$ cat start36.csv   # CSV, C-alpha atoms (C1' of nucleotides)
chain,number,residue,atom,x,y,z
A,1,MET,CA,-6.0,23.1,-23.7
A,2,ASP,CA,-4.0,19.9,-23.8
A,3,ARG,CA,-5.4,16.8,-22.2
A,4,GLU,CA,-2.0,15.2,-21.6
A,5,TRP,CA,0.1,15.4,-18.5
A,6,ASN,CA,3.8,15.3,-17.9
A,7,ASP,CA,5.2,12.9,-15.4
A,8,SER,CA,7.9,15.3,-14.3
A,9,GLN,CA,5.5,17.3,-12.1
A,10,PRO,CA,2.4,16.5,-10.1
A,11,ILE,CA,-0.8,17.1,-12.0
A,12,TYR,CA,-2.1,19.7,-9.5
A,13,ARG,CA,0.9,21.9,-10.1
A,14,GLN,CA,0.7,21.5,-13.9
A,15,LEU,CA,-3.0,22.4,-13.8
A,16,ARG,CA,-2.2,25.5,-11.6
A,17,ASP,CA,0.4,26.5,-14.2
A,18,ARG,CA,-2.1,26.2,-17.0
A,19,VAL,CA,-4.6,28.4,-15.3
A,20,VAL,CA,-1.8,30.9,-14.6
A,21,ALA,CA,-0.9,30.8,-18.3
A,22,MET,CA,-4.5,31.5,-19.3
A,23,ILE,CA,-4.7,34.5,-17.0
A,24,LEU,CA,-1.5,35.9,-18.4
A,25,ASP,CA,-2.7,35.3,-22.0
A,26,GLU,CA,-6.0,36.9,-21.0
A,27,ALA,CA,-7.9,33.8,-22.0
A,28,LEU,CA,-9.3,34.2,-18.5
A,29,LYS,CA,-9.9,37.8,-17.4
A,30,GLU,CA,-10.3,39.3,-14.0
A,31,GLY,CA,-13.8,38.7,-12.7
A,32,ASP,CA,-14.2,35.6,-14.8
A,33,PRO,CA,-15.2,32.3,-13.1
A,34,LEU,CA,-12.8,29.4,-13.3
A,35,PRO,CA,-14.3,26.3,-15.0
A,36,SER,CA,-15.9,24.3,-12.2
A,37,VAL,CA,-14.0,21.6,-10.3
A,38,ARG,CA,-16.3,18.9,-11.6
A,39,THR,CA,-16.2,20.2,-15.2
A,40,VAL,CA,-12.4,20.2,-15.3
A,41,ALA,CA,-12.2,16.8,-13.5
A,42,ALA,CA,-14.6,15.2,-16.1
A,43,GLU,CA,-12.9,16.9,-19.1
A,44,TYR,CA,-9.4,15.9,-18.2
A,45,ARG,CA,-10.4,12.6,-16.6
A,46,ILE,CA,-8.7,13.4,-13.3
A,47,ASN,CA,-10.0,13.3,-9.8
A,48,PRO,CA,-12.0,16.3,-8.5
A,49,LEU,CA,-9.8,16.4,-5.4
A,50,THR,CA,-6.8,16.9,-7.6
A,51,VAL,CA,-8.5,19.9,-9.4
A,52,LEU,CA,-9.5,21.3,-6.0
A,53,LYS,CA,-5.9,21.2,-4.8
A,54,SER,CA,-4.8,23.2,-7.8
A,55,TYR,CA,-7.6,25.7,-7.2
A,56,GLN,CA,-6.9,26.1,-3.5
A,57,GLN,CA,-3.3,26.8,-4.3
A,58,LEU,CA,-4.4,29.6,-6.6
A,59,ALA,CA,-6.7,30.9,-3.7
A,60,ASP,CA,-3.7,30.7,-1.3
A,61,GLU,CA,-1.7,32.9,-3.7
A,62,GLY,CA,-4.5,35.4,-3.7
A,63,LEU,CA,-5.2,35.1,-7.4
A,64,VAL,CA,-8.8,33.7,-7.1
A,65,GLU,CA,-11.6,34.2,-4.7
A,66,THR,CA,-14.3,31.7,-3.6
A,67,ARG,CA,-18.0,32.6,-3.5
A,68,ARG,CA,-19.9,29.9,-1.7
A,69,GLY,CA,-22.3,28.0,-3.9
A,70,ARG,CA,-21.3,30.0,-6.9
A,71,GLY,CA,-17.8,29.2,-7.9
A,72,MET,CA,-14.3,30.6,-8.0
A,73,PHE,CA,-13.5,33.9,-9.6
A,74,ILE,CA,-10.3,35.6,-10.7
A,75,ASN,CA,-9.4,38.5,-8.5
A,76,ALA,CA,-8.7,42.1,-9.6
A,77,GLY,CA,-5.0,42.7,-10.1
A,78,ALA,CA,-4.3,39.0,-10.5
A,79,ARG,CA,-2.6,39.4,-13.9
A,80,GLU,CA,-0.5,42.3,-12.7
A,81,SER,CA,0.8,40.5,-9.7
A,82,LEU,CA,1.3,37.3,-11.7
A,83,LEU,CA,3.4,39.1,-14.2
A,84,ARG,CA,5.7,40.4,-11.5
A,85,GLU,CA,6.0,37.2,-9.6
A,86,GLU,CA,6.3,34.8,-12.5
A,87,ARG,CA,8.9,37.0,-14.1
A,88,ARG,CA,11.0,37.1,-10.9
A,89,LYS,CA,10.7,33.3,-10.5
A,90,PHE,CA,11.7,32.7,-14.1
A,91,LEU,CA,14.6,35.1,-14.2
A,92,GLU,CA,16.0,34.0,-10.9
A,93,GLU,CA,15.3,30.4,-10.6
A,94,GLU,CA,14.8,28.9,-14.1
A,95,TRP,CA,16.7,31.0,-16.6
A,96,PRO,CA,20.2,30.6,-15.0
A,97,ARG,CA,19.9,26.9,-15.2
A,98,ILE,CA,18.6,27.0,-18.8
A,99,ARG,CA,21.6,29.1,-19.8
A,100,GLU,CA,23.9,26.6,-18.2
A,101,THR,CA,22.3,23.8,-20.2
A,102,ILE,CA,22.5,25.7,-23.4
A,103,ALA,CA,26.2,26.4,-22.9
A,104,ARG,CA,26.8,22.8,-21.9
A,105,LEU,CA,25.1,21.4,-25.0
A,106,GLY,CA,26.9,23.9,-27.2
A,107,LEU,CA,23.7,25.1,-28.8
A,108,SER,CA,23.9,28.1,-31.1
A,109,SER,CA,21.5,31.0,-31.4
A,110,ASP,CA,20.5,29.7,-34.9
A,111,GLU,CA,19.5,26.3,-33.6
A,112,LEU,CA,17.4,28.0,-30.8
A,113,ILE,CA,15.8,30.5,-33.0
A,114,SER,CA,14.8,28.0,-35.7
A,115,MET,CA,12.8,26.0,-33.2
A,116,LYS,CA,9.2,27.2,-33.2
A,117,PRO,CA,7.3,27.4,-30.0
A,118,LYS,CA,4.6,24.8,-29.5
A,119,THR,CA,1.8,27.3,-30.0
A,120,GLU,CA,2.7,27.9,-33.6
A,121,GLN,CA,2.6,24.3,-34.6
A,122,GLU,CA,0.1,23.6,-37.4
A,123,PRO,CA,-1.9,20.4,-38.2
A,124,GLU,CA,-0.3,18.0,-40.6
A,125,SER,CA,-3.0,16.9,-43.0
B,1,MET,CA,28.9,20.1,-6.6
B,2,ASP,CA,25.9,21.5,-4.8
B,3,ARG,CA,24.6,19.6,-1.7
B,4,GLU,CA,21.1,21.1,-2.1
B,5,TRP,CA,18.1,19.4,-3.8
B,6,ASN,CA,15.1,20.7,-5.6
B,7,ASP,CA,11.6,19.6,-4.6
B,8,SER,CA,10.4,19.8,-8.1
B,9,GLN,CA,12.0,16.5,-9.1
B,10,PRO,CA,12.9,13.3,-7.4
B,11,ILE,CA,16.5,13.2,-6.1
B,12,TYR,CA,17.5,10.2,-8.1
B,13,ARG,CA,16.7,12.1,-11.3
B,14,GLN,CA,18.5,15.2,-10.2
B,15,LEU,CA,21.6,13.2,-9.3
B,16,ARG,CA,21.4,11.5,-12.7
B,17,ASP,CA,21.3,14.9,-14.3
B,18,ARG,CA,24.3,16.1,-12.4
B,19,VAL,CA,26.4,13.1,-13.5
B,20,VAL,CA,25.3,13.7,-17.0
B,21,ALA,CA,26.4,17.4,-16.7
B,22,MET,CA,29.8,16.3,-15.4
B,23,ILE,CA,30.3,14.0,-18.3
B,24,LEU,CA,29.3,16.7,-20.8
B,25,ASP,CA,31.7,19.2,-19.0
B,26,GLU,CA,34.4,16.5,-19.0
B,27,ALA,CA,34.7,16.7,-15.3
B,28,LEU,CA,34.2,12.9,-15.7
B,29,LYS,CA,35.9,11.4,-18.7
B,30,GLU,CA,35.3,8.2,-20.5
B,31,GLY,CA,36.9,5.3,-18.6
B,32,ASP,CA,36.7,7.1,-15.3
B,33,PRO,CA,35.0,5.5,-12.4
B,34,LEU,CA,31.9,7.1,-10.9
B,35,PRO,CA,32.2,8.0,-7.2
B,36,SER,CA,31.0,5.0,-5.3
B,37,VAL,CA,27.4,4.6,-4.2
B,38,ARG,CA,28.4,4.8,-0.5
B,39,THR,CA,30.7,7.8,-1.0
B,40,VAL,CA,28.0,9.8,-2.7
B,41,ALA,CA,25.3,8.8,-0.2
B,42,ALA,CA,27.5,9.9,2.7
B,43,GLU,CA,28.6,13.1,1.1
B,44,TYR,CA,25.1,14.3,0.1
B,45,ARG,CA,23.4,12.7,3.1
B,46,ILE,CA,21.0,10.7,1.0
B,47,ASN,CA,20.2,7.0,1.0
B,48,PRO,CA,22.5,4.6,-0.8
B,49,LEU,CA,19.5,3.1,-2.6
B,50,THR,CA,18.6,6.5,-4.0
B,51,VAL,CA,22.1,6.8,-5.4
B,52,LEU,CA,22.0,3.3,-6.8
B,53,LYS,CA,18.7,4.1,-8.5
B,54,SER,CA,20.4,7.0,-10.3
B,55,TYR,CA,23.4,4.9,-11.3
B,56,GLN,CA,21.2,2.1,-12.6
B,57,GLN,CA,19.4,4.6,-14.8
B,58,LEU,CA,22.7,5.6,-16.2
B,59,ALA,CA,23.5,2.0,-16.8
B,60,ASP,CA,20.2,1.4,-18.5
B,61,GLU,CA,21.0,4.3,-20.8
B,62,GLY,CA,24.2,2.6,-21.7
B,63,LEU,CA,26.3,5.4,-20.4
B,64,VAL,CA,28.1,3.5,-17.7
B,65,GLU,CA,29.2,-0.1,-17.2
B,66,THR,CA,29.4,-2.1,-14.0
B,67,ARG,CA,32.4,-4.2,-13.1
B,68,ARG,CA,31.6,-6.5,-10.3
B,69,GLY,CA,33.4,-5.7,-7.1
B,70,ARG,CA,35.2,-2.7,-8.7
B,71,GLY,CA,32.7,0.0,-9.4
B,72,MET,CA,30.9,1.7,-12.3
B,73,PHE,CA,32.8,3.2,-15.2
B,74,ILE,CA,31.9,5.6,-17.9
B,75,ASN,CA,31.6,3.9,-21.3
B,76,ALA,CA,33.4,4.9,-24.4
B,77,GLY,CA,31.2,7.2,-26.6
B,78,ALA,CA,29.1,8.2,-23.6
B,79,ARG,CA,29.7,12.0,-24.1
B,80,GLU,CA,29.1,11.7,-27.8
B,81,SER,CA,25.7,10.0,-27.5
B,82,LEU,CA,24.8,12.2,-24.6
B,83,LEU,CA,25.4,15.3,-26.6
B,84,ARG,CA,23.1,14.0,-29.4
B,85,GLU,CA,20.3,12.8,-27.1
B,86,GLU,CA,20.3,15.7,-24.6
B,87,ARG,CA,20.3,18.2,-27.5
B,88,ARG,CA,17.4,16.5,-29.1
B,89,LYS,CA,15.5,16.4,-25.8
B,90,PHE,CA,16.2,20.0,-25.0
B,91,LEU,CA,15.3,21.4,-28.4
B,92,GLU,CA,12.2,19.3,-28.8
B,93,GLU,CA,10.8,19.0,-25.4
B,94,GLU,CA,12.0,21.9,-23.3
B,95,TRP,CA,12.9,24.8,-25.4
B,96,PRO,CA,9.5,25.2,-27.1
B,97,ARG,CA,7.8,25.5,-23.6
B,98,ILE,CA,10.5,27.9,-22.5
B,99,ARG,CA,9.9,30.1,-25.5
B,100,GLU,CA,6.2,30.2,-24.8
B,101,THR,CA,6.9,31.3,-21.2
B,102,ILE,CA,9.3,34.0,-22.3
B,103,ALA,CA,6.7,35.3,-24.8
B,104,ARG,CA,3.9,35.1,-22.2
B,105,LEU,CA,5.9,37.0,-19.6
B,106,GLY,CA,6.9,39.6,-22.2
B,107,LEU,CA,10.6,39.3,-21.4
B,108,SER,CA,13.1,41.1,-23.6
B,109,SER,CA,16.5,39.9,-24.9
B,110,ASP,CA,18.1,42.5,-22.7
B,111,GLU,CA,16.5,41.1,-19.5
B,112,LEU,CA,17.5,37.6,-20.5
B,113,ILE,CA,21.1,38.4,-21.5
B,114,SER,CA,21.8,40.5,-18.4
B,115,MET,CA,21.1,37.5,-16.1
B,116,LYS,CA,24.3,35.7,-15.4
B,117,PRO,CA,24.2,31.9,-15.3
B,118,LYS,CA,24.6,30.3,-11.9
B,119,THR,CA,28.1,29.1,-12.6
B,120,GLU,CA,29.5,32.6,-12.8
B,121,GLN,CA,28.3,33.6,-9.3
B,122,GLU,CA,31.1,34.8,-7.0
B,123,PRO,CA,31.3,34.8,-3.2
B,124,GLU,CA,30.0,37.9,-1.5
B,125,SER,CA,32.5,39.4,0.9
C,1,DT,C1',-39.8,24.3,-2.4
C,2,DA,C1',-37.5,21.5,-5.2
C,3,DT,C1',-33.4,21.0,-8.2
C,4,DA,C1',-29.1,21.5,-10.2
C,5,DG,C1',-25.1,23.8,-9.9
C,6,DT,C1',-21.3,25.5,-6.9
C,7,DG,C1',-17.0,24.4,-3.4
C,8,DT,C1',-15.8,21.3,0.4
C,9,DT,C1',-15.0,17.3,3.6
C,10,DA,C1',-14.6,12.4,4.9
C,11,DT,C1',-12.9,7.7,4.3
C,12,DA,C1',-10.2,4.5,2.3
C,13,DG,C1',-7.1,2.7,-1.0
C,14,DT,C1',-2.9,2.5,-4.5
C,15,DT,C1',1.6,3.8,-6.2
C,16,DA,C1',6.1,6.1,-6.3
C,17,DA,C1',9.8,8.1,-3.8
C,18,DG,C1',12.7,8.1,-0.2
C,19,DT,C1',14.6,6.4,4.3
C,20,DA,C1',16.7,3.0,7.7
C,21,DT,C1',19.3,-1.3,8.6
C,22,DA,C1',21.3,-5.2,7.4
C,23,DA,C1',23.2,-8.6,4.7
C,24,DC,C1',25.2,-10.8,0.4
C,25,DA,C1',28.6,-11.5,-3.5
C,26,DC,C1',32.4,-10.2,-5.9
C,27,DT,C1',37.4,-8.0,-6.5
C,28,DG,C1',42.0,-6.4,-5.6
C,29,DG,C1',45.7,-5.8,-2.6
C,30,DT,C1',48.1,-6.8,1.5
D,1,DA,C1',43.5,-16.0,4.0
D,2,DC,C1',42.1,-11.8,5.2
D,3,DC,C1',39.9,-7.4,4.6
D,4,DA,C1',38.3,-3.2,2.8
D,5,DG,C1',36.1,-1.5,-1.0
D,6,DT,C1',32.9,-2.3,-4.8
D,7,DG,C1',27.6,-3.0,-6.5
D,8,DT,C1',23.3,-5.4,-5.1
D,9,DT,C1',19.3,-7.4,-2.7
D,10,DA,C1',15.9,-7.9,1.2
D,11,DT,C1',12.7,-6.1,4.6
D,12,DA,C1',10.0,-2.7,6.5
D,13,DC,C1',8.5,1.8,7.1
D,14,DT,C1',7.0,7.0,6.0
D,15,DT,C1',5.3,10.4,3.1
D,16,DA,C1',3.2,12.7,-1.0
D,17,DA,C1',0.3,12.3,-5.0
D,18,DC,C1',-3.5,10.5,-6.9
D,19,DT,C1',-7.8,7.9,-7.2
D,20,DA,C1',-12.7,6.3,-5.9
D,21,DT,C1',-17.0,7.1,-3.8
D,22,DA,C1',-20.0,9.4,-1.1
D,23,DA,C1',-21.9,12.9,1.4
D,24,DC,C1',-22.4,17.9,3.1
D,25,DA,C1',-23.4,23.0,2.8
D,26,DC,C1',-24.4,26.8,0.2
D,27,DT,C1',-26.7,29.6,-3.9
D,28,DA,C1',-29.4,30.8,-7.8
D,29,DT,C1',-33.3,29.7,-10.4
D,30,DA,C1',-37.5,27.6,-12.1
$ encode --input "start36.csv" --output "structure tokens"
Amino acid sequence: MDREWNDSQPIYRQLRDRVVAMILDEALKEGDPLPSVRTVAAEYRINPLTVLKSYQQLADEGLVETRRGRGMFINAGARESLLREERRKFLEEEWPRIRETIARLGLSSDELISMKPKTEQEPES
Amino acid sequence: MDREWNDSQPIYRQLRDRVVAMILDEALKEGDPLPSVRTVAAEYRINPLTVLKSYQQLADEGLVETRRGRGMFINAGARESLLREERRKFLEEEWPRIRETIARLGLSSDELISMKPKTEQEPES
DNA sequence: TATAGTGTTATAGTTAAGTATAACACTGGT
DNA sequence: ACCAGTGTTATACTTAACTATAACACTATA
């Protein structure tokens, strides 16, 4: 996972989005524990309270469950409901704006297809 | 233009983006004056300082020019340089993440193509 | 029973974004 | 000379995001 943060959104929302991505990619499976608040805070050099805020948002969304003294765990059905909800959000709230932008910039299918997604980037060496 | 604001980005950046969109769409042409700070502030019910901040960002980018006591005007070549720079930003910084999301959500071309962009929405009745 | 690991709460401070109000300096047209 | 319209600056305040430090409550395990 990347240690860098974007200044276009608060860290706690970006972190929430990363956990969501890991659930969707099944890097985190249902029943798995989330990495602990302190671990994440130390690794990414951010404040434990910021991490907690991300995690509590996931709890509010019903995606994870807290077990006192043990940690936070991914709920059953989390991936399923995430797929539904994130798809809806993307198609209704993001994609229309993206299409506008593409049209406005006059970008062709070729230009778009030839750009590889970030995950496929390879080391230089 | 829409009077609503998104809470995912500061207003001054959203306003900057709207002006940029109008330049790209040629709703504002080179040499044209921007609507005045006070006009925009009144119409969108936001603070004049917030509008000013957007405008100064455009000035910093070299897209508009200030004429004391007269207003701010769109520079020659603004659309050209915007097309270049916004294309680069989109292709390098946004599109790769968007492709990741699309892949992660397992969205098909059909689902994406069938969503109309916002500009094509029609009134209900 | 001690200890180290969980999440959680408390207190206090900084910074950025936005608001509210008011004033200043310049320009063009009457 | 006036005046209404420009951008700009000053002062002061609120809120959200984030940080820093410390402590609390619970749980499993040695």
$ atom_distance --input "start36.csv" --atom1 "CA of Arg87 (chain B)" --atom2 "CA of Met115 (chain A)"
12.2 Å
$ residues_around --input "start36.csv" --residues "Thr66 (chain A)" --least-positions-apart "3" --cutoff "12 Å" --atoms "only C-alpha atoms (C1' of nucleotides)" --output "number ranges by chain"
A: 31-34, 36, 52, 55-56, 58-60, 62-63, 69-75; C: 6-8; D: 26
$ closest_residue --input "start36.csv" --among "A:Lys53, A:Arg13, A:Arg68, A:Lys89" --to "chain C" --atoms "all atoms listed in the file"
A:Arg68
$ calpha_fit_and_write --input "start36.csv" --fixed "chain A" --moving "chain B" --output "PDB file with C-alpha atoms, in the frame of the given file"
ATOM      1  CA  MET B   1      -6.108  23.137 -23.793  1.00  0.00           C
ATOM      2  CA  ASP B   2      -4.068  19.971 -23.904  1.00  0.00           C
ATOM      3  CA  ARG B   3      -5.539  16.812 -22.240  1.00  0.00           C
ATOM      4  CA  GLU B   4      -2.057  15.287 -21.781  1.00  0.00           C
ATOM      5  CA  TRP B   5       0.052  15.408 -18.569  1.00  0.00           C
ATOM      6  CA  ASN B   6       3.726  15.358 -17.913  1.00  0.00           C
ATOM      7  CA  ASP B   7       5.237  12.848 -15.488  1.00  0.00           C
ATOM      8  CA  SER B   8       7.846  15.255 -14.425  1.00  0.00           C
ATOM      9  CA  GLN B   9       5.485  17.199 -12.167  1.00  0.00           C
ATOM     10  CA  PRO B  10       2.418  16.455 -10.172  1.00  0.00           C
ATOM     11  CA  ILE B  11      -0.849  17.133 -12.050  1.00  0.00           C
ATOM     12  CA  TYR B  12      -2.156  19.615  -9.574  1.00  0.00           C
ATOM     13  CA  ARG B  13       0.883  21.816 -10.217  1.00  0.00           C
ATOM     14  CA  GLN B  14       0.633  21.494 -13.945  1.00  0.00           C
ATOM     15  CA  LEU B  15      -3.047  22.432 -13.878  1.00  0.00           C
ATOM     16  CA  ARG B  16      -2.170  25.414 -11.680  1.00  0.00           C
ATOM     17  CA  ASP B  17       0.371  26.452 -14.247  1.00  0.00           C
ATOM     18  CA  ARG B  18      -2.084  26.201 -17.068  1.00  0.00           C
ATOM     19  CA  VAL B  19      -4.609  28.454 -15.287  1.00  0.00           C
ATOM     20  CA  VAL B  20      -1.870  30.876 -14.615  1.00  0.00           C
ATOM     21  CA  ALA B  21      -0.935  30.845 -18.372  1.00  0.00           C
ATOM     22  CA  MET B  22      -4.564  31.509 -19.296  1.00  0.00           C
ATOM     23  CA  ILE B  23      -4.732  34.459 -17.012  1.00  0.00           C
ATOM     24  CA  LEU B  24      -1.472  35.887 -18.379  1.00  0.00           C
ATOM     25  CA  ASP B  25      -2.788  35.312 -22.011  1.00  0.00           C
ATOM     26  CA  GLU B  26      -6.110  36.887 -20.982  1.00  0.00           C
ATOM     27  CA  ALA B  27      -7.958  33.826 -21.997  1.00  0.00           C
ATOM     28  CA  LEU B  28      -9.331  34.250 -18.421  1.00  0.00           C
ATOM     29  CA  LYS B  29      -9.918  37.814 -17.377  1.00  0.00           C
ATOM     30  CA  GLU B  30     -10.260  39.346 -14.004  1.00  0.00           C
ATOM     31  CA  GLY B  31     -13.776  38.752 -12.638  1.00  0.00           C
ATOM     32  CA  ASP B  32     -14.265  35.648 -14.712  1.00  0.00           C
ATOM     33  CA  PRO B  33     -15.200  32.437 -13.076  1.00  0.00           C
ATOM     34  CA  LEU B  34     -12.847  29.463 -13.254  1.00  0.00           C
ATOM     35  CA  PRO B  35     -14.340  26.340 -14.870  1.00  0.00           C
ATOM     36  CA  SER B  36     -15.878  24.362 -12.082  1.00  0.00           C
ATOM     37  CA  VAL B  37     -13.987  21.656 -10.229  1.00  0.00           C
ATOM     38  CA  ARG B  38     -16.342  18.943 -11.578  1.00  0.00           C
ATOM     39  CA  THR B  39     -16.257  20.260 -15.156  1.00  0.00           C
ATOM     40  CA  VAL B  40     -12.493  20.211 -15.262  1.00  0.00           C
ATOM     41  CA  ALA B  41     -12.213  16.797 -13.589  1.00  0.00           C
ATOM     42  CA  ALA B  42     -14.608  15.293 -16.131  1.00  0.00           C
ATOM     43  CA  GLU B  43     -13.036  16.945 -19.100  1.00  0.00           C
ATOM     44  CA  TYR B  44      -9.426  15.964 -18.270  1.00  0.00           C
ATOM     45  CA  ARG B  45     -10.408  12.667 -16.654  1.00  0.00           C
ATOM     46  CA  ILE B  46      -8.698  13.458 -13.395  1.00  0.00           C
ATOM     47  CA  ASN B  47      -9.990  13.379  -9.838  1.00  0.00           C
ATOM     48  CA  PRO B  48     -12.029  16.284  -8.535  1.00  0.00           C
ATOM     49  CA  LEU B  49      -9.772  16.475  -5.476  1.00  0.00           C
ATOM     50  CA  THR B  50      -6.744  16.942  -7.699  1.00  0.00           C
ATOM     51  CA  VAL B  51      -8.473  19.866  -9.362  1.00  0.00           C
ATOM     52  CA  LEU B  52      -9.516  21.326  -6.045  1.00  0.00           C
ATOM     53  CA  LYS B  53      -5.925  21.083  -4.836  1.00  0.00           C
ATOM     54  CA  SER B  54      -4.846  23.233  -7.795  1.00  0.00           C
ATOM     55  CA  TYR B  55      -7.614  25.769  -7.235  1.00  0.00           C
ATOM     56  CA  GLN B  56      -6.829  26.039  -3.536  1.00  0.00           C
ATOM     57  CA  GLN B  57      -3.230  26.827  -4.407  1.00  0.00           C
ATOM     58  CA  LEU B  58      -4.459  29.590  -6.574  1.00  0.00           C
ATOM     59  CA  ALA B  59      -6.580  30.817  -3.753  1.00  0.00           C
ATOM     60  CA  ASP B  60      -3.697  30.694  -1.342  1.00  0.00           C
ATOM     61  CA  GLU B  61      -1.733  32.828  -3.777  1.00  0.00           C
ATOM     62  CA  GLY B  62      -4.490  35.343  -3.675  1.00  0.00           C
ATOM     63  CA  LEU B  63      -5.203  35.024  -7.326  1.00  0.00           C
ATOM     64  CA  VAL B  64      -8.732  33.752  -7.065  1.00  0.00           C
ATOM     65  CA  GLU B  65     -11.585  34.179  -4.595  1.00  0.00           C
ATOM     66  CA  THR B  66     -14.239  31.688  -3.579  1.00  0.00           C
ATOM     67  CA  ARG B  67     -17.897  32.585  -3.379  1.00  0.00           C
ATOM     68  CA  ARG B  68     -19.792  29.968  -1.553  1.00  0.00           C
ATOM     69  CA  GLY B  69     -22.189  28.032  -3.704  1.00  0.00           C
ATOM     70  CA  ARG B  70     -21.226  30.050  -6.835  1.00  0.00           C
ATOM     71  CA  GLY B  71     -17.721  29.178  -7.827  1.00  0.00           C
ATOM     72  CA  MET B  72     -14.199  30.639  -7.878  1.00  0.00           C
ATOM     73  CA  PHE B  73     -13.459  33.958  -9.523  1.00  0.00           C
ATOM     74  CA  ILE B  74     -10.329  35.634 -10.642  1.00  0.00           C
ATOM     75  CA  ASN B  75      -9.381  38.567  -8.397  1.00  0.00           C
ATOM     76  CA  ALA B  76      -8.728  42.052  -9.527  1.00  0.00           C
ATOM     77  CA  GLY B  77      -4.940  42.658 -10.035  1.00  0.00           C
ATOM     78  CA  ALA B  78      -4.317  38.938 -10.459  1.00  0.00           C
ATOM     79  CA  ARG B  79      -2.595  39.340 -13.912  1.00  0.00           C
ATOM     80  CA  GLU B  80      -0.580  42.261 -12.668  1.00  0.00           C
ATOM     81  CA  SER B  81       0.882  40.457  -9.644  1.00  0.00           C
ATOM     82  CA  LEU B  82       1.290  37.317 -11.651  1.00  0.00           C
ATOM     83  CA  LEU B  83       3.360  39.074 -14.220  1.00  0.00           C
ATOM     84  CA  ARG B  84       5.679  40.459 -11.477  1.00  0.00           C
ATOM     85  CA  GLU B  85       6.024  37.185  -9.546  1.00  0.00           C
ATOM     86  CA  GLU B  86       6.322  34.776 -12.508  1.00  0.00           C
ATOM     87  CA  ARG B  87       8.944  37.064 -14.105  1.00  0.00           C
ATOM     88  CA  ARG B  88      10.934  37.149 -10.959  1.00  0.00           C
ATOM     89  CA  LYS B  89      10.715  33.364 -10.591  1.00  0.00           C
ATOM     90  CA  PHE B  90      11.655  32.711 -14.166  1.00  0.00           C
ATOM     91  CA  LEU B  91      14.607  35.078 -14.295  1.00  0.00           C
ATOM     92  CA  GLU B  92      15.977  34.062 -10.938  1.00  0.00           C
ATOM     93  CA  GLU B  93      15.248  30.457 -10.656  1.00  0.00           C
ATOM     94  CA  GLU B  94      14.864  28.991 -14.115  1.00  0.00           C
ATOM     95  CA  TRP B  95      16.662  31.001 -16.635  1.00  0.00           C
ATOM     96  CA  PRO B  96      20.123  30.743 -15.035  1.00  0.00           C
ATOM     97  CA  ARG B  97      19.868  26.850 -15.143  1.00  0.00           C
ATOM     98  CA  ILE B  98      18.612  27.037 -18.700  1.00  0.00           C
ATOM     99  CA  ARG B  99      21.564  29.138 -19.734  1.00  0.00           C
ATOM    100  CA  GLU B 100      23.967  26.685 -18.187  1.00  0.00           C
ATOM    101  CA  THR B 101      22.332  23.831 -20.146  1.00  0.00           C
ATOM    102  CA  ILE B 102      22.474  25.741 -23.400  1.00  0.00           C
ATOM    103  CA  ALA B 103      26.186  26.494 -22.802  1.00  0.00           C
ATOM    104  CA  ARG B 104      26.896  22.874 -21.786  1.00  0.00           C
ATOM    105  CA  LEU B 105      25.192  21.460 -24.863  1.00  0.00           C
ATOM    106  CA  GLY B 106      27.000  23.978 -27.080  1.00  0.00           C
ATOM    107  CA  LEU B 107      23.793  25.154 -28.739  1.00  0.00           C
ATOM    108  CA  SER B 108      23.922  28.141 -31.060  1.00  0.00           C
ATOM    109  CA  SER B 109      21.460  31.058 -31.407  1.00  0.00           C
ATOM    110  CA  ASP B 110      20.587  29.731 -34.818  1.00  0.00           C
ATOM    111  CA  GLU B 111      19.540  26.293 -33.458  1.00  0.00           C
ATOM    112  CA  LEU B 112      17.512  27.956 -30.743  1.00  0.00           C
ATOM    113  CA  ILE B 113      15.777  30.541 -32.958  1.00  0.00           C
ATOM    114  CA  SER B 114      14.881  28.032 -35.681  1.00  0.00           C
ATOM    115  CA  MET B 115      12.794  25.957 -33.207  1.00  0.00           C
ATOM    116  CA  LYS B 116       9.237  27.100 -33.322  1.00  0.00           C
ATOM    117  CA  PRO B 117       7.340  27.292 -30.032  1.00  0.00           C
ATOM    118  CA  LYS B 118       4.649  24.694 -29.493  1.00  0.00           C
ATOM    119  CA  THR B 119       1.834  27.142 -30.000  1.00  0.00           C
ATOM    120  CA  GLU B 120       2.684  27.710 -33.634  1.00  0.00           C
ATOM    121  CA  GLN B 121       2.421  24.005 -34.582  1.00  0.00           C
ATOM    122  CA  GLU B 122      -0.076  23.309 -37.383  1.00  0.00           C
ATOM    123  CA  PRO B 123      -2.000  20.129 -38.198  1.00  0.00           C
ATOM    124  CA  GLU B 124      -0.285  17.747 -40.560  1.00  0.00           C
ATOM    125  CA  SER B 125      -2.461  16.790 -43.494  1.00  0.00           C
TER     126      SER B 125
END
$ interface_residues --input "start36.csv" --of "chain B" --to "chain A" --cutoff "8 Å" --atoms "only C-alpha atoms" --output "PyMOL selection string"
chain B and resi 8-9+21+24-25+83+86-87+91+95-97+99-100+104-105+107+112+115-119
$ interface_residues --input "start36.csv" --of "chain C" --to "chain B" --cutoff "10 Å" --atoms "only C-alpha atoms (C1' of nucleotides)" --output "PDB file with C-alpha atoms (C1' of nucleotides), keeping the file's coordinate frame"
ATOM      1  C1'  DA C  16       6.100   6.100  -6.300  1.00  0.00           C
ATOM      2  C1'  DA C  17       9.800   8.100  -3.800  1.00  0.00           C
ATOM      3  C1'  DG C  18      12.700   8.100  -0.200  1.00  0.00           C
ATOM      4  C1'  DT C  19      14.600   6.400   4.300  1.00  0.00           C
ATOM      5  C1'  DA C  20      16.700   3.000   7.700  1.00  0.00           C
ATOM      6  C1'  DA C  25      28.600 -11.500  -3.500  1.00  0.00           C
ATOM      7  C1'  DC C  26      32.400 -10.200  -5.900  1.00  0.00           C
ATOM      8  C1'  DT C  27      37.400  -8.000  -6.500  1.00  0.00           C
ATOM      9  C1'  DG C  28      42.000  -6.400  -5.600  1.00  0.00           C
TER      10       DG C  28
END
